[in-house]
Amino acid sequence: MSFNPKVIGAILAASIAVTVLIIFLAGPREDATDALVHITAEGTEYAVVPLDEDRTINVPGPLGTTVVEIRDGRVRVLDSPCPNKTCVSQGWAEAEGDTIICLPNRVSITVK
């Protein structure tokens with residue numbers, strides 16, 4: 001019985017790909033319960049709250065109040081007094097390093 005080197009190479013590549021996928025899916029992950037939401041208002045830290053704690057936070061800024069919602073392990077700007085509402089349209093942030101910024105109202109939200 002002879003083996004075709006191309007077939008052996010394909011089987012080996014597929015085995016490596018499946019192994020990497022299993023390691024990636026089963027490997028350690030940041031749990032949402034460990035993540036924190038850092039909210040900054042006008043350059044000063046306003047609040048640090050767990051990402052897994054559902055709540056609404058009113059953050060004051062020079063234009064008015066930015067409403068931040070934390071729900072189901074995610075955070076977003078629910079409403080803001082800024083003219084373009086770009087921060088609202090950014091949607092949900094949930095992964096470490098995700099940031100939402102309302103530049104006109106000087107509010108930033110980062111998941112760490």
# chains A, B, ... in the order shown; residues from 1 in each chain; ligands from 1
>>> select_by_dssp(residues="chain A", states="alpha helix (DSSP H)", output="PyMOL selection string")
chain A and resi 5-26+86-89
>>> write_last_selection(atoms="N, CA and C atoms", output="PDB file, in the first residue's frame")
ATOM      1  N   PRO A   5       1.695  11.627  -0.981  1.00  0.00           N
ATOM      2  CA  PRO A   5       2.156  12.713  -0.105  1.00  0.00           C
ATOM      3  C   PRO A   5       1.162  13.877  -0.014  1.00  0.00           C
ATOM      4  N   LYS A   6       0.425  14.139  -1.072  1.00  0.00           N
ATOM      5  CA  LYS A   6      -0.557  15.222  -1.033  1.00  0.00           C
ATOM      6  C   LYS A   6      -1.691  14.897  -0.071  1.00  0.00           C
ATOM      7  N   VAL A   7      -2.128  13.636  -0.073  1.00  0.00           N
ATOM      8  CA  VAL A   7      -3.202  13.216   0.822  1.00  0.00           C
ATOM      9  C   VAL A   7      -2.718  13.291   2.275  1.00  0.00           C
ATOM     10  N   ILE A   8      -1.510  12.824   2.535  1.00  0.00           N
ATOM     11  CA  ILE A   8      -0.957  12.872   3.891  1.00  0.00           C
ATOM     12  C   ILE A   8      -0.823  14.327   4.349  1.00  0.00           C
ATOM     13  N   GLY A   9      -0.369  15.208   3.477  1.00  0.00           N
ATOM     14  CA  GLY A   9      -0.238  16.630   3.810  1.00  0.00           C
ATOM     15  C   GLY A   9      -1.592  17.258   4.114  1.00  0.00           C
ATOM     16  N   ALA A  10      -2.609  16.911   3.332  1.00  0.00           N
ATOM     17  CA  ALA A  10      -3.951  17.445   3.553  1.00  0.00           C
ATOM     18  C   ALA A  10      -4.517  16.950   4.883  1.00  0.00           C
ATOM     19  N   ILE A  11      -4.312  15.689   5.180  1.00  0.00           N
ATOM     20  CA  ILE A  11      -4.791  15.128   6.452  1.00  0.00           C
ATOM     21  C   ILE A  11      -4.072  15.791   7.624  1.00  0.00           C
ATOM     22  N   LEU A  12      -2.780  15.981   7.497  1.00  0.00           N
ATOM     23  CA  LEU A  12      -1.994  16.630   8.550  1.00  0.00           C
ATOM     24  C   LEU A  12      -2.450  18.076   8.750  1.00  0.00           C
ATOM     25  N   ALA A  13      -2.659  18.808   7.666  1.00  0.00           N
ATOM     26  CA  ALA A  13      -3.113  20.202   7.768  1.00  0.00           C
ATOM     27  C   ALA A  13      -4.499  20.280   8.404  1.00  0.00           C
ATOM     28  N   ALA A  14      -5.382  19.381   8.022  1.00  0.00           N
ATOM     29  CA  ALA A  14      -6.728  19.368   8.607  1.00  0.00           C
ATOM     30  C   ALA A  14      -6.670  19.028  10.090  1.00  0.00           C
ATOM     31  N   SER A  15      -5.814  18.097  10.464  1.00  0.00           N
ATOM     32  CA  SER A  15      -5.664  17.724  11.877  1.00  0.00           C
ATOM     33  C   SER A  15      -5.146  18.900  12.698  1.00  0.00           C
ATOM     34  N   ILE A  16      -4.186  19.633  12.170  1.00  0.00           N
ATOM     35  CA  ILE A  16      -3.641  20.796  12.864  1.00  0.00           C
ATOM     36  C   ILE A  16      -4.717  21.876  13.008  1.00  0.00           C
ATOM     37  N   ALA A  17      -5.470  22.106  11.938  1.00  0.00           N
ATOM     38  CA  ALA A  17      -6.527  23.120  11.975  1.00  0.00           C
ATOM     39  C   ALA A  17      -7.587  22.766  13.017  1.00  0.00           C
ATOM     40  N   VAL A  18      -7.996  21.519  13.082  1.00  0.00           N
ATOM     41  CA  VAL A  18      -8.995  21.086  14.063  1.00  0.00           C
ATOM     42  C   VAL A  18      -8.436  21.218  15.475  1.00  0.00           C
ATOM     43  N   THR A  19      -7.174  20.852  15.674  1.00  0.00           N
ATOM     44  CA  THR A  19      -6.545  20.969  16.995  1.00  0.00           C
ATOM     45  C   THR A  19      -6.493  22.419  17.445  1.00  0.00           C
ATOM     46  N   VAL A  20      -6.091  23.325  16.568  1.00  0.00           N
ATOM     47  CA  VAL A  20      -6.037  24.753  16.906  1.00  0.00           C
ATOM     48  C   VAL A  20      -7.424  25.270  17.234  1.00  0.00           C
ATOM     49  N   LEU A  21      -8.422  24.869  16.480  1.00  0.00           N
ATOM     50  CA  LEU A  21      -9.797  25.292  16.731  1.00  0.00           C
ATOM     51  C   LEU A  21     -10.284  24.806  18.091  1.00  0.00           C
ATOM     52  N   ILE A  22      -9.990  23.568  18.434  1.00  0.00           N
ATOM     53  CA  ILE A  22     -10.399  23.021  19.737  1.00  0.00           C
ATOM     54  C   ILE A  22      -9.702  23.772  20.865  1.00  0.00           C
ATOM     55  N   ILE A  23      -8.418  24.038  20.720  1.00  0.00           N
ATOM     56  CA  ILE A  23      -7.675  24.775  21.750  1.00  0.00           C
ATOM     57  C   ILE A  23      -8.243  26.181  21.891  1.00  0.00           C
ATOM     58  N   PHE A  24      -8.547  26.827  20.780  1.00  0.00           N
ATOM     59  CA  PHE A  24      -9.101  28.182  20.827  1.00  0.00           C
ATOM     60  C   PHE A  24     -10.454  28.208  21.527  1.00  0.00           C
ATOM     61  N   LEU A  25     -11.324  27.271  21.188  1.00  0.00           N
ATOM     62  CA  LEU A  25     -12.665  27.258  21.758  1.00  0.00           C
ATOM     63  C   LEU A  25     -12.683  26.817  23.218  1.00  0.00           C
ATOM     64  N   ALA A  26     -11.782  25.921  23.597  1.00  0.00           N
ATOM     65  CA  ALA A  26     -11.781  25.394  24.952  1.00  0.00           C
ATOM     66  C   ALA A  26     -10.796  26.120  25.863  1.00  0.00           C
ATOM     67  N   THR A  86     -23.263  60.039  17.445  1.00  0.00           N
ATOM     68  CA  THR A  86     -22.348  58.999  16.970  1.00  0.00           C
ATOM     69  C   THR A  86     -22.090  57.968  18.062  1.00  0.00           C
ATOM     70  N   CYS A  87     -21.995  58.424  19.297  1.00  0.00           N
ATOM     71  CA  CYS A  87     -21.761  57.509  20.418  1.00  0.00           C
ATOM     72  C   CYS A  87     -22.915  56.528  20.589  1.00  0.00           C
ATOM     73  N   VAL A  88     -24.116  56.971  20.353  1.00  0.00           N
ATOM     74  CA  VAL A  88     -25.290  56.104  20.459  1.00  0.00           C
ATOM     75  C   VAL A  88     -25.269  55.066  19.336  1.00  0.00           C
ATOM     76  N   SER A  89     -24.890  55.498  18.150  1.00  0.00           N
ATOM     77  CA  SER A  89     -24.889  54.579  17.000  1.00  0.00           C
ATOM     78  C   SER A  89     -23.727  53.586  17.034  1.00  0.00           C
TER      79      SER A  89
END
>>> residues_around(residues="stretch 55-67 of chain A", least_positions_apart="5", cutoff="9 Å", atoms="only C-alpha atoms", output="list in words")
Ile39, Thr40, Ala41, Glu42, Tyr46, Ala47, Arg76, Val77, Leu78, Asp79, Ser80, Pro81, Cys82, Cys102, Pro104, Asn105, Arg106 and Val107 of chain A
>>> write_last_selection(atoms="N, CA, C and O atoms", output="mmCIF file, in the first residue's frame")
data_model
loop_
_atom_site.group_PDB
_atom_site.id
_atom_site.type_symbol
_atom_site.label_atom_id
_atom_site.label_comp_id
_atom_site.auth_asym_id
_atom_site.auth_seq_id
_atom_site.Cartn_x
_atom_site.Cartn_y
_atom_site.Cartn_z
ATOM 1 N N ILE A 39 -15.803 54.478 33.155
ATOM 2 C CA ILE A 39 -16.474 55.632 32.564
ATOM 3 C C ILE A 39 -15.727 56.888 32.980
ATOM 4 O O ILE A 39 -15.483 57.118 34.165
ATOM 5 N N THR A 40 -15.362 57.683 31.984
ATOM 6 C CA THR A 40 -14.632 58.920 32.216
ATOM 7 C C THR A 40 -15.490 60.088 31.749
ATOM 8 O O THR A 40 -16.091 60.035 30.677
ATOM 9 N N ALA A 41 -15.551 61.130 32.576
ATOM 10 C CA ALA A 41 -16.287 62.343 32.228
ATOM 11 C C ALA A 41 -15.322 63.520 32.323
ATOM 12 O O ALA A 41 -14.725 63.747 33.378
ATOM 13 N N GLU A 42 -15.170 64.230 31.237
ATOM 14 C CA GLU A 42 -14.303 65.403 31.158
ATOM 15 C C GLU A 42 -12.893 65.111 31.669
ATOM 16 O O GLU A 42 -12.292 65.893 32.393
ATOM 17 N N TYR A 46 -15.138 58.771 36.288
ATOM 18 C CA TYR A 46 -16.442 59.028 36.901
ATOM 19 C C TYR A 46 -16.954 57.799 37.660
ATOM 20 O O TYR A 46 -17.500 57.907 38.747
ATOM 21 N N ALA A 47 -16.788 56.608 37.041
ATOM 22 C CA ALA A 47 -17.284 55.380 37.669
ATOM 23 C C ALA A 47 -16.542 54.179 37.105
ATOM 24 O O ALA A 47 -16.112 54.185 35.955
ATOM 25 N N ARG A 76 -23.434 50.271 26.504
ATOM 26 C CA ARG A 76 -23.671 51.160 25.370
ATOM 27 C C ARG A 76 -24.079 52.543 25.875
ATOM 28 O O ARG A 76 -24.453 52.704 27.042
ATOM 29 N N VAL A 77 -24.043 53.509 24.968
ATOM 30 C CA VAL A 77 -24.609 54.821 25.255
ATOM 31 C C VAL A 77 -26.052 54.761 24.783
ATOM 32 O O VAL A 77 -26.322 54.602 23.596
ATOM 33 N N LEU A 78 -26.960 54.861 25.725
ATOM 34 C CA LEU A 78 -28.388 54.789 25.415
ATOM 35 C C LEU A 78 -28.890 56.115 24.865
ATOM 36 O O LEU A 78 -29.687 56.155 23.924
ATOM 37 N N ASP A 79 -28.381 57.222 25.427
ATOM 38 C CA ASP A 79 -28.788 58.543 24.962
ATOM 39 C C ASP A 79 -27.703 59.543 25.322
ATOM 40 O O ASP A 79 -26.982 59.361 26.305
ATOM 41 N N SER A 80 -27.602 60.594 24.515
ATOM 42 C CA SER A 80 -26.607 61.630 24.754
ATOM 43 C C SER A 80 -27.098 62.949 24.181
ATOM 44 O O SER A 80 -27.828 62.966 23.190
ATOM 45 N N PRO A 81 -26.685 64.061 24.790
ATOM 46 C CA PRO A 81 -27.120 65.364 24.299
ATOM 47 C C PRO A 81 -26.302 65.869 23.112
ATOM 48 O O PRO A 81 -26.580 66.954 22.604
ATOM 49 N N CYS A 82 -25.348 65.098 22.655
ATOM 50 C CA CYS A 82 -24.506 65.555 21.542
ATOM 51 C C CYS A 82 -25.322 65.640 20.252
ATOM 52 O O CYS A 82 -26.312 64.937 20.082
ATOM 53 N N CYS A 102 -17.979 59.767 23.419
ATOM 54 C CA CYS A 102 -18.819 60.899 23.041
ATOM 55 C C CYS A 102 -17.915 62.127 23.150
ATOM 56 O O CYS A 102 -17.759 62.705 24.231
ATOM 57 N N PRO A 104 -18.146 65.260 21.850
ATOM 58 C CA PRO A 104 -18.728 66.556 22.186
ATOM 59 C C PRO A 104 -19.079 66.709 23.675
ATOM 60 O O PRO A 104 -18.943 67.783 24.239
ATOM 61 N N ASN A 105 -19.518 65.616 24.309
ATOM 62 C CA ASN A 105 -19.889 65.689 25.726
ATOM 63 C C ASN A 105 -18.764 65.222 26.643
ATOM 64 O O ASN A 105 -18.946 65.148 27.851
ATOM 65 N N ARG A 106 -17.624 64.887 26.071
ATOM 66 C CA ARG A 106 -16.419 64.506 26.803
ATOM 67 C C ARG A 106 -16.635 63.321 27.743
ATOM 68 O O ARG A 106 -16.246 63.314 28.896
ATOM 69 N N VAL A 107 -17.289 62.279 27.207
ATOM 70 C CA VAL A 107 -17.534 61.062 27.969
ATOM 71 C C VAL A 107 -16.917 59.899 27.201
ATOM 72 O O VAL A 107 -17.057 59.801 25.980
#
>>> closest_residue(among="A:Lys85, A:Val37, A:Val48, A:Thr110", to="A:Ile70", atoms="only C-alpha atoms")
A:Val37
>>> atom_distance(atom1="atom CA of A:Glu45", atom2="atom CA of A:Asn84")
24.0 Å
>>> residues_around(residues="A:Asp52", least_positions_apart="2", cutoff="12 Å", atoms="only C-alpha atoms", output="ChimeraX atom specification")
/A:31-37,49-50,54-55,69-75,94,111
>>> atom_distance(atom1="atom CA of A:Gly43", atom2="atom CA of A:Pro83")
20.2 Å
